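Trainee: What follows is the file run.cif, containing mmCIF, C-alpha atoms:
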data_target
#
loop_
_atom_site.label_atom_id
_atom_site.label_comp_id
_atom_site.auth_asym_id
_atom_site.auth_seq_id
_atom_site.Cartn_x
_atom_site.Cartn_y
_atom_site.Cartn_z
CA MET A 909 -165.74 -63.82 -87.72
CA ASP A 910 -168.74 -61.61 -87.16
CA GLN A 911 -166.56 -59.00 -85.46
CA ILE A 912 -164.22 -58.84 -88.48
CA HIS A 913 -167.16 -58.32 -90.82
CA HIS A 914 -168.42 -55.39 -88.74
CA GLY A 915 -164.91 -53.92 -88.81
CA LYS A 916 -164.85 -54.02 -92.60
CA VAL A 917 -168.28 -52.41 -92.78
CA TYR A 918 -167.13 -49.63 -90.45
CA ILE A 919 -164.02 -49.01 -92.56
CA LYS A 920 -166.20 -48.86 -95.71
CA GLN A 921 -168.52 -46.36 -94.01
CA VAL A 922 -165.57 -44.17 -93.06
CA GLU A 923 -164.30 -44.31 -96.66
CA TYR A 924 -167.71 -43.26 -98.00
CA GLN A 925 -167.92 -40.49 -95.42
CA GLN A 926 -164.49 -39.15 -96.38
CA PHE A 927 -165.40 -39.33 -100.06
CA ALA A 928 -168.64 -37.41 -99.44
CA GLU A 929 -166.80 -34.79 -97.39
CA ALA A 930 -164.25 -34.35 -100.18
CA LEU A 931 -167.04 -33.79 -102.73
CA ILE A 932 -168.72 -31.26 -100.46
CA ALA A 933 -165.43 -29.44 -99.93
CA GLN A 934 -164.90 -29.19 -103.69
CA ASN A 935 -168.39 -27.85 -104.26
CA ASN A 936 -168.05 -25.35 -101.42
CA ALA A 937 -164.73 -24.04 -102.66
CA PHE A 938 -165.56 -20.43 -103.39
CA ASN A 939 -163.13 -18.58 -105.56
CA PRO A 940 -164.22 -15.03 -106.32
CA ILE A 941 -161.51 -14.70 -108.97
CA TYR A 942 -163.60 -16.68 -111.47
CA GLU A 943 -166.72 -14.63 -110.93
CA GLY A 944 -164.70 -11.42 -110.88
CA LEU A 945 -163.13 -12.31 -114.24
CA PHE A 946 -166.58 -13.14 -115.58
CA ALA A 947 -167.78 -9.69 -114.49
CA VAL A 948 -164.77 -8.02 -116.12
CA GLY A 949 -165.48 -9.87 -119.37
CA ILE A 950 -169.11 -8.75 -119.36
CA LEU A 951 -167.99 -5.20 -118.57
CA ILE A 952 -165.64 -5.16 -121.57
CA LEU A 953 -168.32 -6.58 -123.87
CA SER A 954 -170.83 -4.03 -122.60
CA LEU A 955 -168.47 -1.12 -123.19
CA VAL A 956 -167.97 -2.33 -126.77
CA MET A 957 -171.74 -2.66 -127.20
CA LEU A 958 -172.18 1.05 -126.48
CA LYS A 959 -170.53 1.82 -129.82
CA GLY A 960 -171.94 -1.06 -131.88
CA VAL A 961 -175.26 -2.19 -133.33
CA PHE A 962 -176.65 -3.14 -129.92
CA HIS A 963 -179.06 -0.81 -128.18
CA LYS A 964 -177.37 1.38 -125.61
CA TYR A 965 -179.61 0.06 -122.84
CA ILE A 966 -178.07 -3.40 -123.32
CA GLY A 967 -174.59 -1.98 -122.86
CA TYR A 968 -175.65 -0.03 -119.78
CA LEU A 969 -177.42 -3.10 -118.39
CA GLY A 970 -174.19 -5.09 -118.72
CA ILE A 971 -172.22 -2.32 -117.02
CA MET A 972 -174.75 -2.25 -114.18
CA ALA A 973 -174.60 -6.06 -113.89
CA SER A 974 -170.81 -5.98 -113.68
CA ILE A 975 -170.85 -3.30 -111.01
CA SER A 976 -173.44 -5.26 -109.04
CA ALA A 977 -171.19 -8.33 -109.30
CA PHE A 978 -168.26 -6.48 -107.77
CA ILE A 979 -170.47 -5.15 -104.97
CA ALA A 980 -171.89 -8.62 -104.30
CA LEU A 981 -168.46 -10.23 -104.32
CA ALA A 982 -167.19 -7.63 -101.85
CA LEU A 983 -170.15 -8.35 -99.56
CA GLN A 984 -169.96 -12.14 -99.92
CA PRO A 985 -168.14 -12.69 -96.59
CA VAL A 986 -170.91 -10.76 -94.84
CA ILE A 987 -174.05 -12.03 -96.60
CA GLY A 988 -172.90 -15.55 -97.51
CA LEU A 989 -174.89 -17.21 -100.28
CA GLY A 990 -177.13 -14.15 -100.49
CA TYR A 991 -174.53 -12.69 -102.81
CA PHE A 992 -176.09 -14.66 -105.69
CA TRP A 993 -178.59 -11.83 -106.23
CA TRP A 994 -176.15 -10.35 -108.75
CA TRP A 995 -176.93 -13.17 -111.17
CA LEU A 996 -180.36 -11.64 -111.79
CA PRO A 997 -178.97 -8.59 -113.69
CA PHE A 998 -176.66 -10.93 -115.61
CA ALA A 999 -179.56 -13.17 -116.57
CA ILE A 1000 -181.52 -10.15 -117.81
CA TRP A 1001 -178.44 -8.96 -119.74
CA PHE A 1002 -177.97 -12.40 -121.36
CA ILE A 1003 -181.64 -12.49 -122.39
CA ALA A 1004 -181.41 -8.98 -123.88
CA VAL A 1005 -178.22 -9.86 -125.81
CA GLY A 1006 -179.75 -13.11 -127.06
CA TRP A 1007 -182.91 -11.34 -128.15
CA LYS A 1008 -180.90 -8.73 -130.08
CA LEU A 1009 -178.76 -11.43 -131.71
CA ILE A 1010 -181.91 -13.27 -132.84
CA ARG A 1011 -183.31 -10.06 -134.32
CA LEU A 1012 -180.00 -9.28 -136.04
CA GLY A 1013 -179.99 -12.77 -137.57
CA LYS A 1014 -183.53 -12.34 -138.93
CA ALA A 1015 -182.73 -8.90 -140.38
CA GLN A 1016 -180.07 -10.32 -142.70
#
Show how you would write the structure in this file as structure tokens.
Mentor:
Amino acid sequence: MDQIHHGKVYIKQVEYQQFAEALIAQNNAFNPIYEGLFAVGILILSLVMLKGVFHKYIGYLGIMASISAFIALALQPVIGLGYFWWWLPFAIWFIAVGWKLIRLGKAQ
């Protein structure tokens, strides 16, 4: 009876291990298409910002962030997770856009 119990425990451990490996595989699934589309969206918004009420530096910052994203995504196979550096220009761009939107809301 004791041997059967240990067999069931081993099967449960294997199930948990397979479940954990499946979760890790899902989280490690890198698909540059999503981040590339994100960069294209920011590029389009930034080009529109050059002709709108936003300061030109915000538009140029978004263009620079998009270009840095494409460079980082191209280098991702070489530098691995180091490609996340391109999120820094995007974070700065988001802060600048948010700050301008707050100021536009207070002006009205």
Trainee: So the first atom is CA of Ile971 in chain A and the second is CA of Trp1001 in chain A; what is the distance between them in Å, to one decimal place?
Mentor: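 So the answer is 9.5 Å.
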Trainee: Do a neighbour search on range 980-997 of chain A at 12 Å with all atoms listed in the file, toss out local chain neighbours closer than 2 positions, and write the hits as a VMD selection string.
Mentor: chain A and resid 936 938 to 947 950 966 968 to 978 999 to 1004
Trainee: I'd like the interatomic distance between CA of Ile1010 in chain A and CA of Leu958 in chain A, to a tenth of an Å.
Mentor: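 Taking CA of Ile1010 in chain A and CA of Leu958 in chain A, their separation equals 18.4 Å.
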Trainee: CA of Leu955 in chain A and CA of Trp1007 in chain A are how many Å apart?
Mentor: 18.4 Å
Trainee: Considering only C-alpha atoms, state which residue in the set A:Gly1006, A:Arg1011, A:His963, A:Phe998 is at the smallest distance from Gly949 in chain A.
Mentor: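 With only C-alpha atoms as the atom set, the closest residue is A:Phe998.
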Trainee: Please determine, counting only C-alpha atoms, which residue among A:Val1005, A:Val922, A:Leu951, A:Ile979 has the shortest atom-to-atom distance to Tyr965 in chain A.
Mentor: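 Of the candidates, the smallest distance to Tyr965 in chain A is held by A:Val1005.
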Trainee: Report, as JSON, the axis-aligned box around all atoms of range 972-978 of chain A present in the file, extended by 3 Å on each side; give centre and edge lengths in Å to one decimal place.
Mentor:
{"center_x": -171.5, "center_y": -5.3, "center_z": -111.0, "size_x": 12.5, "size_y": 12.1, "size_z": 12.4}
